[in-house]
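Trainee: Here you go, one structure.
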Amino acid sequence: MDTEVLAGRLRALVGADAVLTDRQELRTYECDGLAHYRVVPAMVVLAASTADVAATVTECARAGVPFVARGSGTGLSGGALPHADGVLIVMSRMRDVLEVDRDNQRAVVEPGVINLQLSDLTRPVGYYYAPDPSSQQVCSIGGNVAENSGGAHCLKYGFTTNHVTGLELVTAAGDVVEVGGKAPDPTGYDLLGALVGSEGTLGIATRVTVRLTRTPEDVSTLLAAFASTDAAGEAVSAIIGAGVIPAAIEMMDALAIEAAEAAVHCDYPAGAGAVLIVEIDGPAPDVRHVFAEVERHCRDAGAFEIRIARDDTERALFWKGRKSAFAAVGRISPDYIVQDGVIPRTSLPEVLRAIAELSERSGVRVANVFHAGDGNLHPLVLFDDGHEGEAERAEEVSGAILDLCIEHGGSITGEHGVGADKAKFMPRMFTDDDLDTMQLVRCAFDPDSISNPGKVFPTPRLCGERPGRHQGAHPLAEAGVAEVF
Ligand SMILES: Cc1cc2nc3c(=O)[nH]c(=O)nc-3n(C[C@H](O)[C@H](O)[C@H](O)COP(=O)(O)OP(=O)(O)OC[C@H]3O[C@@H](n4cnc5c(N)ncnc54)[C@H](O)[C@@H]3O)c2cc1C
């Protein structure tokens with residue numbers, strides 16, 4: 001359908017000021033946090049309600065036009081990258097916290113609500129929203145749901161999927177459906193489990209019911225400095241091996257520390273080859289006991305300096321270096337790739353050594369910042385796009401790091417998602433049968449493949465196509481014991 005005709009219909013449904021077609025305005029939305037992929041959408045709709053989203057999607061479905069949902073656009077895998085012929089449906093006008101149900105420890109929010117906004121609102125009544133991506137000051141709950149986002153404290157509290165109990169979803173046909181609610185564990189297939197982390201390919205979340213977590217009575221945070229990432233990794237293994245689950249264990253290597261110092265002057269111990277930030281929370285006596293144990297493991301592993309935050313200001317300073325690390329790398333390199341892979345945490349020392357060797361061999365610098373407690377690596381691969389060939393070499397190193405993650409029993413993404421960027425890596429992890437099975441789920445929700453097409457799967461496939469190599473009749477149908485419907 002002609003863009004202007006569709007825009008006219010949508011203006012009549014959602015309001016003239018909510019539909020953008022001016023190219024200059026559209027360029028605001030041409031990328032997400034992974035800015036080297038850029039596509040200008042045909043149209044943007046600034047949805048203000050579920051009805052706006054449903055009306056827009058219904059028109060897209062009628063016209064066979066693809067659509068992409070966008071939260072705050074902080075994604076790092078090109079998930080919210082627009083479709084050149086499609087409609088980008090932006091959630092930033094849907095920022096109301098609809099209900100805080102303290103007695104049931106639930107909140108119901110619109111998808112554009114900013115992650116930290118919810119915790120700020122609920123903290124005065126003794127609760128907060130636990131999943132805490134480092135981008136929490138700007139990223140949206142809808143984006144978190146789509147990416148199944150994690151954060152420093154997900155080691156103890158779990159990822160987004162552990163905190164979402166219900167969704168209102170606009171399906172790819174434009175229908176509004178409810179999945180789950182305030183009660184835990186609804187009967188039947190775990191559709192909520194399928195939807196959280198589906199990267200906008202199964203529809204658009206327009207309302208999210210989340211679990212609220214009680215604010216802990218006490219919190220203690222330490223910063224330990226080690227000569228090397230090996231020594232710091234040893235401390236991590238010892239802490240977890242002793243059965244202690246801190247709220248967070250984060251590691252930064254020397255290059256990442258250098259960047260953070262240059263950007264935010266976090267004053268980490270001089271000469272450290274690695275620092276660990278370990279946070280313990282819970283009832284005060286438990287925190288004291290566990291904290292002493294953590295401190296002992298750090299010293300045994302060779303920590304040459306341990307600082308303990310005396311108050312919230314010092315705690316914030318410890319975290320400032322870590323939370324600003326991605327952007328801080330801009331101080332030591334004009335360009336960089338934020339990689340995201342995950343490995344079993346026991347493989348940390350080995351994989352970090354292999355990354356260092358890769359960096360030395362290729363001449364490409366790699367800074368490491370990561371959620372050490374759950375083996376979620378964020379290697380920052382540095383390059384200068386102004387120098388010929390550097391970007392390609394950085395891409396190669398970045399891909400080789402993912403191969404290392406797979407070889408060690410890990411995965412190509414810990415929390416940033418597959419999006420447009422990592423679709424090509426999916427066959428390195430999954431067989432054709434695996435991918436076909438995932439496609440069947442996608443086709444069940446979105447038979448016309450209009451909801452965020454081109455993401456997650458390496459090869460676009462139409463849902464009418466029979467997936468994979470199973471071309472014959474189903475053996476059960478042939479035997480007459482099952483019916484094909
Ligand atoms: C500095 C920085 C630090 C970061 N740190 C972390 C971190 O610690 N942990 C982590 O997990 N991530 C992190 N991220 C990545 C990013 O912030 C998360 O993936 C976040 O959840 C994206 O939210 P968003 O609102 O920006 O979503 P967007 O980027 O707008 O969209 C992300 C995906 O969600 C889909 N989507 C958005 N809204 C909806 C909806 N309502 N319904 C269906 N699909 C939707 C989009 O189509 C897209 O596929 C970081 C990013 C930056 C820039």
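Residues are named by chain letter and number: chains run A, B, ... in the order of the structure tokens, numbers start at 1 in each chain, and ligands are numbered from 1 in the order shown.
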Which chains and residue numbers are within 6 Å of ligand 1, counting only C-alpha atoms and all ligand atoms, if I want them as number ranges by chain?
Mentor: A: 32-33, 68-76, 79-80, 111, 133-135, 139-140, 142-144, 146-147, 149-151, 199-200, 203-206, 326, 415-416
Trainee: Can you tell me, as a list of chain:residue names, what residues are no more than 8 Å from stretch 81-84 of chain A when counting only C-alpha atoms, ignoring any on the same chain fewer than 2 positions away?
Mentor: A:Tyr29, A:Glu30, A:Cys31, A:Asp32, A:Tyr37, A:Arg38, A:Val39, A:Val40, A:Pro41, A:Ala42, A:Pro66, A:Phe67, A:Val68, A:Gly78, A:Gly79, A:Gly86, A:Val87, A:Leu88, A:Ala420, A:Asn452, A:Pro453
Trainee: Convert the current residue selection to file output with N, CA, C and O atoms, as a compact mmCIF listing (two decimals), in the first residue's frame.
Mentor:
```txt
# COMPACT_ATOMS: atom_id res chain seq x y z
N TYR A 29 14.77 8.18 14.43
CA TYR A 29 14.48 6.79 14.85
C TYR A 29 15.25 5.76 14.02
O TYR A 29 14.91 4.58 14.03
N GLU A 30 16.27 6.21 13.29
CA GLU A 30 16.89 5.29 12.31
C GLU A 30 17.75 4.20 12.93
O GLU A 30 18.12 3.25 12.25
N CYS A 31 18.09 4.31 14.21
CA CYS A 31 18.90 3.25 14.82
C CYS A 31 18.56 3.12 16.30
O CYS A 31 17.88 3.96 16.87
N ASP A 32 19.07 2.02 16.90
CA ASP A 32 18.99 1.92 18.36
C ASP A 32 20.39 2.15 18.91
O ASP A 32 21.19 2.85 18.29
N TYR A 37 24.11 0.23 12.50
CA TYR A 37 23.01 -0.18 11.61
C TYR A 37 22.01 0.96 11.58
O TYR A 37 21.53 1.39 12.64
N ARG A 38 21.68 1.44 10.38
CA ARG A 38 20.72 2.54 10.28
C ARG A 38 19.73 2.30 9.15
O ARG A 38 20.16 2.00 8.03
N VAL A 39 18.45 2.40 9.47
CA VAL A 39 17.41 2.29 8.43
C VAL A 39 16.33 3.32 8.78
O VAL A 39 15.84 3.35 9.91
N VAL A 40 15.99 4.16 7.83
CA VAL A 40 14.92 5.14 8.08
C VAL A 40 13.58 4.44 7.81
O VAL A 40 13.40 3.85 6.75
N PRO A 41 12.66 4.47 8.80
CA PRO A 41 11.38 3.79 8.57
C PRO A 41 10.51 4.58 7.59
O PRO A 41 10.73 5.78 7.38
N ALA A 42 9.51 3.92 7.03
CA ALA A 42 8.59 4.63 6.13
C ALA A 42 7.71 5.59 6.94
O ALA A 42 7.31 6.64 6.45
N PRO A 66 5.05 -4.39 7.27
CA PRO A 66 5.72 -4.80 8.52
C PRO A 66 5.74 -3.69 9.56
O PRO A 66 5.70 -2.50 9.20
N PHE A 67 5.80 -4.07 10.83
CA PHE A 67 5.93 -3.07 11.89
C PHE A 67 6.99 -3.52 12.89
O PHE A 67 7.29 -4.71 13.02
N VAL A 68 7.57 -2.52 13.56
CA VAL A 68 8.61 -2.78 14.57
C VAL A 68 8.25 -1.95 15.80
O VAL A 68 7.94 -0.77 15.67
N GLY A 78 20.44 -4.14 17.61
CA GLY A 78 19.70 -3.70 16.42
C GLY A 78 18.28 -4.25 16.39
O GLY A 78 17.67 -4.34 15.33
N GLY A 79 17.73 -4.59 17.57
CA GLY A 79 16.38 -5.17 17.63
C GLY A 79 15.30 -4.19 17.20
O GLY A 79 14.31 -4.57 16.57
N GLY A 86 8.36 -0.14 6.47
CA GLY A 86 7.43 -0.46 7.56
C GLY A 86 7.13 0.70 8.50
O GLY A 86 7.63 1.83 8.33
N VAL A 87 6.31 0.39 9.50
CA VAL A 87 5.90 1.37 10.50
C VAL A 87 6.64 1.08 11.80
O VAL A 87 6.67 -0.07 12.26
N LEU A 88 7.25 2.11 12.36
CA LEU A 88 7.89 1.96 13.67
C LEU A 88 6.90 2.45 14.72
O LEU A 88 6.44 3.60 14.65
N ALA A 420 19.13 -7.76 14.89
CA ALA A 420 19.60 -7.82 13.50
C ALA A 420 21.07 -8.26 13.49
O ALA A 420 21.54 -8.89 12.56
N ASN A 452 8.27 -7.30 13.41
CA ASN A 452 9.74 -7.19 13.47
C ASN A 452 10.45 -8.23 12.59
O ASN A 452 11.33 -8.97 13.07
N PRO A 453 10.12 -8.27 11.31
CA PRO A 453 10.77 -9.25 10.44
C PRO A 453 12.26 -8.93 10.25
O PRO A 453 12.68 -7.79 10.43
```
Trainee: Taking the DSSP assignment computed from this structure's backbone, write out as a ChimeraX atom specification all residues of stretch 273-453 of chain A that belong to alpha helix (DSSP H).
Mentor: /A:284-300,312-323,325-328,348-362,390-407,426-429,432-445
Trainee: Write out as a PyMOL selection string the residues lying within 10 Å of A:Ala391, counting only C-alpha atoms and excluding same-chain residues fewer than 3 positions away.
Mentor: chain A and resi 335-337+364+381-388+394-397
Trainee: Create the file for the chosen residues now, containing all heavy atoms and written as a compact mmCIF listing (two decimals), in the first residue's frame.
Mentor:
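Wrote part_11.txt, looks like this:
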```txt
# COMPACT_ATOMS: atom_id res chain seq x y z
N ASP A 335 36.09 4.32 18.40
CA ASP A 335 34.98 3.41 18.07
C ASP A 335 35.14 2.12 18.85
O ASP A 335 36.26 1.72 19.19
CB ASP A 335 34.98 3.08 16.57
CG ASP A 335 34.88 4.34 15.73
OD1 ASP A 335 33.79 4.93 15.68
OD2 ASP A 335 35.91 4.75 15.17
N TYR A 336 34.04 1.46 19.12
CA TYR A 336 34.11 0.17 19.82
C TYR A 336 32.84 -0.63 19.60
O TYR A 336 31.78 -0.08 19.33
CB TYR A 336 34.37 0.34 21.32
CG TYR A 336 33.33 1.16 22.05
CD1 TYR A 336 32.25 0.55 22.68
CD2 TYR A 336 33.41 2.55 22.11
CE1 TYR A 336 31.29 1.30 23.35
CE2 TYR A 336 32.46 3.30 22.77
CZ TYR A 336 31.41 2.67 23.39
OH TYR A 336 30.46 3.42 24.05
N ILE A 337 33.00 -1.95 19.70
CA ILE A 337 31.84 -2.86 19.63
C ILE A 337 31.59 -3.38 21.03
O ILE A 337 32.52 -3.85 21.69
CB ILE A 337 32.15 -4.06 18.69
CG1 ILE A 337 32.45 -3.58 17.27
CG2 ILE A 337 31.01 -5.08 18.71
CD1 ILE A 337 33.03 -4.66 16.37
N VAL A 364 44.12 -6.01 18.09
CA VAL A 364 42.87 -5.28 18.40
C VAL A 364 42.70 -5.28 19.93
O VAL A 364 42.67 -6.34 20.55
CB VAL A 364 41.65 -5.97 17.74
CG1 VAL A 364 40.35 -5.29 18.16
CG2 VAL A 364 41.79 -5.96 16.22
N VAL A 381 35.33 -4.24 22.14
CA VAL A 381 36.36 -4.42 21.12
C VAL A 381 36.63 -3.05 20.50
O VAL A 381 35.75 -2.44 19.90
CB VAL A 381 35.89 -5.43 20.04
CG1 VAL A 381 36.99 -5.69 19.04
CG2 VAL A 381 35.45 -6.74 20.72
N LEU A 382 37.87 -2.55 20.69
CA LEU A 382 38.19 -1.16 20.34
C LEU A 382 38.79 -1.04 18.94
O LEU A 382 39.60 -1.88 18.54
CB LEU A 382 39.17 -0.58 21.36
CG LEU A 382 38.91 -0.86 22.85
CD1 LEU A 382 39.88 -0.09 23.71
CD2 LEU A 382 37.48 -0.52 23.22
N PHE A 383 38.39 0.00 18.22
CA PHE A 383 38.97 0.23 16.90
C PHE A 383 38.80 1.70 16.51
O PHE A 383 38.11 2.46 17.21
CB PHE A 383 38.34 -0.69 15.84
CG PHE A 383 36.87 -0.44 15.57
CD1 PHE A 383 36.47 0.29 14.45
CD2 PHE A 383 35.89 -0.92 16.43
CE1 PHE A 383 35.12 0.53 14.20
CE2 PHE A 383 34.55 -0.68 16.19
CZ PHE A 383 34.16 0.04 15.07
N ASP A 384 39.45 2.04 15.41
CA ASP A 384 39.33 3.41 14.89
C ASP A 384 38.84 3.30 13.45
O ASP A 384 39.58 2.85 12.57
CB ASP A 384 40.70 4.09 14.96
CG ASP A 384 40.62 5.54 14.48
OD1 ASP A 384 39.59 5.92 13.89
OD2 ASP A 384 41.60 6.27 14.70
N ASP A 385 37.62 3.69 13.25
CA ASP A 385 37.02 3.56 11.91
C ASP A 385 37.74 4.42 10.88
O ASP A 385 37.64 4.18 9.68
CB ASP A 385 35.53 3.95 11.99
CG ASP A 385 34.71 3.20 10.95
OD1 ASP A 385 35.24 2.23 10.36
OD2 ASP A 385 33.56 3.59 10.71
N GLY A 386 38.50 5.39 11.37
CA GLY A 386 39.27 6.26 10.47
C GLY A 386 40.44 5.53 9.83
O GLY A 386 41.02 6.01 8.86
N HIS A 387 40.84 4.41 10.41
CA HIS A 387 41.97 3.64 9.86
C HIS A 387 41.45 2.46 9.07
O HIS A 387 40.68 1.64 9.61
CB HIS A 387 42.88 3.13 10.99
CG HIS A 387 43.62 4.23 11.67
ND1 HIS A 387 44.20 4.09 12.90
CD2 HIS A 387 43.86 5.52 11.28
CE1 HIS A 387 44.76 5.24 13.25
NE2 HIS A 387 44.57 6.11 12.28
N GLU A 388 41.89 2.38 7.83
CA GLU A 388 41.37 1.36 6.93
C GLU A 388 41.56 -0.05 7.49
O GLU A 388 42.63 -0.39 8.00
CB GLU A 388 42.07 1.48 5.58
CG GLU A 388 41.21 0.95 4.45
CD GLU A 388 41.97 0.96 3.14
OE1 GLU A 388 42.67 1.95 2.87
OE2 GLU A 388 41.84 -0.05 2.42
N ALA A 394 38.12 -5.65 13.87
CA ALA A 394 37.38 -5.65 15.15
C ALA A 394 36.16 -6.59 15.05
O ALA A 394 35.87 -7.35 15.98
CB ALA A 394 36.93 -4.23 15.50
N GLU A 395 35.47 -6.55 13.90
CA GLU A 395 34.33 -7.45 13.69
C GLU A 395 34.77 -8.91 13.79
O GLU A 395 34.08 -9.74 14.39
CB GLU A 395 33.71 -7.22 12.30
CG GLU A 395 32.74 -6.06 12.21
CD GLU A 395 31.43 -6.30 12.95
OE1 GLU A 395 31.14 -7.46 13.29
OE2 GLU A 395 30.73 -5.31 13.23
N GLU A 396 35.94 -9.21 13.19
CA GLU A 396 36.44 -10.59 13.22
C GLU A 396 36.71 -11.03 14.65
O GLU A 396 36.34 -12.13 15.07
CB GLU A 396 37.74 -10.70 12.43
CG GLU A 396 37.53 -11.08 10.97
CD GLU A 396 38.80 -10.95 10.18
OE1 GLU A 396 39.88 -11.32 10.69
OE2 GLU A 396 38.71 -10.43 9.05
N VAL A 397 37.39 -10.15 15.41
CA VAL A 397 37.71 -10.49 16.80
C VAL A 397 36.42 -10.68 17.60
O VAL A 397 36.27 -11.62 18.38
CB VAL A 397 38.60 -9.38 17.43
CG1 VAL A 397 38.71 -9.55 18.94
CG2 VAL A 397 39.99 -9.42 16.79
```
Trainee: Using only C-alpha atoms, which residues of stretch 256-294 of chain A come within 10 Å of stretch 238-247 of chain A, and what is the closest atom pair for each, with the distance in Å to one decimal? Give it as CSV, sorted by chain and residue number.
Mentor:
```
residue,atom,partner,partner_atom,distance
A:Val278,CA,A:Pro246,CA,6.9
A:Glu279,CA,A:Ala247,CA,5.5
A:Ile280,CA,A:Pro246,CA,4.8
A:Asp281,CA,A:Ala247,CA,6.2
A:Gly282,CA,A:Ala247,CA,8.9
A:Val287,CA,A:Pro246,CA,9.4
A:Val290,CA,A:Val244,CA,7.2
A:Phe291,CA,A:Pro246,CA,8.9
A:Glu293,CA,A:Ile239,CA,7.9
A:Val294,CA,A:Ile239,CA,6.1
```
Trainee: Please produce a file of the residues just selected, as a PDB file, in the first residue's frame, where the atoms kept are N, CA, C and O atoms.
Mentor:
```pdb
ATOM      1  N   VAL A 278      31.516  -6.459  44.747  1.00  0.00           N
ATOM      2  CA  VAL A 278      30.626  -7.499  45.279  1.00  0.00           C
ATOM      3  C   VAL A 278      29.625  -6.835  46.216  1.00  0.00           C
ATOM      4  O   VAL A 278      30.015  -6.052  47.094  1.00  0.00           O
ATOM      5  N   GLU A 279      28.351  -7.139  45.989  1.00  0.00           N
ATOM      6  CA  GLU A 279      27.309  -6.550  46.843  1.00  0.00           C
ATOM      7  C   GLU A 279      26.510  -7.669  47.504  1.00  0.00           C
ATOM      8  O   GLU A 279      26.133  -8.641  46.844  1.00  0.00           O
ATOM      9  N   ILE A 280      26.302  -7.515  48.806  1.00  0.00           N
ATOM     10  CA  ILE A 280      25.505  -8.494  49.565  1.00  0.00           C
ATOM     11  C   ILE A 280      24.303  -7.755  50.119  1.00  0.00           C
ATOM     12  O   ILE A 280      24.462  -6.646  50.647  1.00  0.00           O
ATOM     13  N   ASP A 281      23.118  -8.337  50.011  1.00  0.00           N
ATOM     14  CA  ASP A 281      21.968  -7.692  50.650  1.00  0.00           C
ATOM     15  C   ASP A 281      21.097  -8.729  51.356  1.00  0.00           C
ATOM     16  O   ASP A 281      21.261  -9.927  51.141  1.00  0.00           O
ATOM     17  N   GLY A 282      20.230  -8.242  52.211  1.00  0.00           N
ATOM     18  CA  GLY A 282      19.349  -9.146  52.949  1.00  0.00           C
ATOM     19  C   GLY A 282      19.200  -8.679  54.389  1.00  0.00           C
ATOM     20  O   GLY A 282      19.521  -7.530  54.716  1.00  0.00           O
ATOM     21  N   VAL A 287      23.840 -10.440  56.240  1.00  0.00           N
ATOM     22  CA  VAL A 287      24.741  -9.636  55.419  1.00  0.00           C
ATOM     23  C   VAL A 287      26.120  -9.572  56.080  1.00  0.00           C
ATOM     24  O   VAL A 287      27.150  -9.775  55.431  1.00  0.00           O
ATOM     25  N   VAL A 290      27.861 -13.090  55.734  1.00  0.00           N
ATOM     26  CA  VAL A 290      28.261 -13.405  54.360  1.00  0.00           C
ATOM     27  C   VAL A 290      29.370 -12.463  53.887  1.00  0.00           C
ATOM     28  O   VAL A 290      30.308 -12.858  53.194  1.00  0.00           O
ATOM     29  N   PHE A 291      29.263 -11.214  54.311  1.00  0.00           N
ATOM     30  CA  PHE A 291      30.242 -10.226  53.879  1.00  0.00           C
ATOM     31  C   PHE A 291      31.653 -10.621  54.350  1.00  0.00           C
ATOM     32  O   PHE A 291      32.627 -10.544  53.597  1.00  0.00           O
ATOM     33  N   GLU A 293      32.708 -13.556  54.903  1.00  0.00           N
ATOM     34  CA  GLU A 293      33.139 -14.707  54.112  1.00  0.00           C
ATOM     35  C   GLU A 293      33.671 -14.251  52.737  1.00  0.00           C
ATOM     36  O   GLU A 293      34.711 -14.705  52.263  1.00  0.00           O
ATOM     37  N   VAL A 294      32.927 -13.322  52.123  1.00  0.00           N
ATOM     38  CA  VAL A 294      33.331 -12.817  50.798  1.00  0.00           C
ATOM     39  C   VAL A 294      34.699 -12.129  50.882  1.00  0.00           C
ATOM     40  O   VAL A 294      35.591 -12.352  50.057  1.00  0.00           O
TER      41      VAL A 294
END
```
Trainee: Tell me which protein, DNA and RNA residues are within 10 Å of A:Ile355, counting only C-alpha atoms, leaving out same-chain ones fewer than 5 positions away, and put them as a list in words.
Mentor: Pro349, Glu350, Glu360, Arg361, Arg365, Val366, Ala367, Asn368, Pro379, Val397, Ser398, Ala400, Ile401 and Leu404 of chain A
Trainee: Restricted to N, CA, C and O atoms, what would the selected residues look like written as a compact mmCIF listing (two decimals), in the first residue's frame?
Mentor:
```txt
# COMPACT_ATOMS: atom_id res chain seq x y z
N PRO A 349 38.30 -17.86 33.70
CA PRO A 349 39.74 -17.59 33.53
C PRO A 349 40.25 -18.03 32.17
O PRO A 349 40.95 -17.29 31.48
N GLU A 350 39.81 -19.24 31.73
CA GLU A 350 40.28 -19.78 30.45
C GLU A 350 39.85 -18.88 29.28
O GLU A 350 40.64 -18.56 28.40
N GLU A 360 46.04 -10.01 21.40
CA GLU A 360 47.47 -9.83 21.11
C GLU A 360 47.79 -10.21 19.65
O GLU A 360 48.47 -9.47 18.95
N ARG A 361 47.24 -11.36 19.24
CA ARG A 361 47.50 -11.84 17.87
C ARG A 361 47.01 -10.85 16.82
O ARG A 361 47.65 -10.60 15.82
N ARG A 365 42.61 -4.08 20.52
CA ARG A 365 42.48 -4.02 21.99
C ARG A 365 41.07 -4.43 22.43
O ARG A 365 40.09 -4.08 21.77
N VAL A 366 41.01 -5.17 23.54
CA VAL A 366 39.70 -5.58 24.06
C VAL A 366 39.66 -5.26 25.56
O VAL A 366 40.52 -5.69 26.33
N ALA A 367 38.68 -4.46 25.96
CA ALA A 367 38.46 -4.18 27.39
C ALA A 367 37.35 -5.10 27.87
O ALA A 367 36.40 -5.35 27.12
N ASN A 368 37.46 -5.59 29.10
CA ASN A 368 36.43 -6.52 29.59
C ASN A 368 35.70 -5.97 30.81
O ASN A 368 36.32 -5.57 31.78
N PRO A 379 32.85 -8.07 26.38
CA PRO A 379 34.10 -7.56 25.83
C PRO A 379 33.83 -6.33 24.97
O PRO A 379 32.89 -6.32 24.18
N VAL A 397 37.39 -10.15 15.41
CA VAL A 397 37.71 -10.49 16.80
C VAL A 397 36.42 -10.68 17.60
O VAL A 397 36.27 -11.62 18.38
N SER A 398 35.48 -9.78 17.34
CA SER A 398 34.21 -9.84 18.05
C SER A 398 33.48 -11.17 17.78
O SER A 398 32.97 -11.82 18.71
N ALA A 400 35.00 -13.95 16.76
CA ALA A 400 35.80 -15.04 17.33
C ALA A 400 35.52 -15.19 18.83
O ALA A 400 35.56 -16.31 19.37
N ILE A 401 35.21 -14.08 19.50
CA ILE A 401 34.88 -14.17 20.94
C ILE A 401 33.59 -14.97 21.12
O ILE A 401 33.48 -15.79 22.04
N LEU A 404 34.36 -18.53 20.91
CA LEU A 404 34.93 -19.02 22.17
C LEU A 404 33.82 -19.34 23.18
O LEU A 404 33.88 -20.35 23.89
```
Trainee: If you count only C-alpha atoms, which residues fall within 12 Å of A:Leu121, apart from same-chain ones fewer than 6 positions away, as a count of residues only?
Mentor: 15
Trainee: Have a look at A:Ser220, A:Gln439, A:Thr171, A:Thr122 and name the one nearest to A:Glu314; count only C-alpha atoms.
Mentor: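 Looking only at the distances to A:Glu314, the closest residue turns out to be A:Ser220.
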Trainee: Which residue, A:Val456, A:Ala260, A:Ala63, A:Ile450, has the smallest gap to A:Leu435 when you use only C-alpha atoms?
Mentor: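 Between A:Val456, A:Ala260, A:Ala63, A:Ile450, the residue approaching A:Leu435 most closely is A:Val456.
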Trainee: Which residue out of A:Ala130, A:Leu191, A:Ala309, A:Met252 has the minimum interatomic distance to A:Leu352 when only C-alpha atoms are used?
Mentor: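 Of the candidates, the smallest distance to A:Leu352 is held by A:Met252.
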Trainee: Name all residues at most 6 Å from stretch 176-182 of chain A (count only C-alpha atoms; drop same-chain ones fewer than 2 positions away) and give them as a PyMOL selection string.
Mentor: chain A and resi 165-170+186
Trainee: Keeping only C-alpha atoms, write the selected residues to a file as an mmCIF file, in the first residue's frame.
Mentor:
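Contents of the output file out16.cif:
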```
data_model
loop_
_atom_site.group_PDB
_atom_site.id
_atom_site.type_symbol
_atom_site.label_atom_id
_atom_site.label_comp_id
_atom_site.auth_asym_id
_atom_site.auth_seq_id
_atom_site.Cartn_x
_atom_site.Cartn_y
_atom_site.Cartn_z
ATOM 1 C CA THR A 165 3.671 -12.354 35.661
ATOM 2 C CA GLY A 166 1.317 -10.964 33.042
ATOM 3 C CA LEU A 167 1.205 -9.217 29.690
ATOM 4 C CA GLU A 168 -1.372 -7.528 27.554
ATOM 5 C CA LEU A 169 -0.290 -8.175 23.991
ATOM 6 C CA VAL A 170 -1.360 -6.806 20.632
ATOM 7 C CA PRO A 186 -0.975 -19.739 35.041
#
```
Trainee: Which one is closest to A:Thr56: A:Val14, A:Ala263, A:Leu462, A:Met251? Count only C-alpha atoms.
Mentor: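 Once distances to A:Thr56 are computed over only C-alpha atoms, the minimum belongs to A:Val14.
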Trainee: My list of candidates is A:Leu255, A:Cys298, A:Ala227, A:Gln24. Which is closest to A:Ala272 when distances are computed with only C-alpha atoms?
Mentor: A:Ala227
Trainee: For stretch 274-277 of chain A, find every residue with an atom within 6 Å (counting only C-alpha atoms), except residues of its own chain fewer than 6 positions away, and show them as JSON, numbers by chain.
Mentor: {"A": [222, 223, 224, 225, 226, 228, 229, 249, 250, 251, 252, 253, 254]}
Trainee: From a DSSP pass on the backbone, collect the residues of stretch 312-456 of chain A flagged as strand (DSSP E or B) and hand them back as a PyMOL selection string.
Mentor: chain A and resi 335-338+341-342+366-371+376-383+411+451
Trainee: From the list A:Glu261, A:Asp374, A:Asp340, A:Asp85, which residue is nearest A:Ala328 when using only C-alpha atoms?
Mentor: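 Closest to A:Ala328 of all the choices is A:Glu261.
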Trainee: As an exercise, work out the distance from atom CA of A:Leu118 to atom CA of A:Thr213 in Å and give it to one decimal place.
Mentor: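 Separating atom CA of A:Leu118 from atom CA of A:Thr213 is a distance of 11.5 Å.
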Trainee: Between atom CA of A:Leu155 and atom CA of A:Gly375, measure the distance and give it in Å to one decimal.
Mentor: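 Atom CA of A:Gly375 lies at a distance of 9.7 Å from atom CA of A:Leu155.
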Trainee: Suppose you want the space between atom CA of A:Ala325 and atom CA of A:Leu377; what is it in Å?
Mentor: 13.1 Å
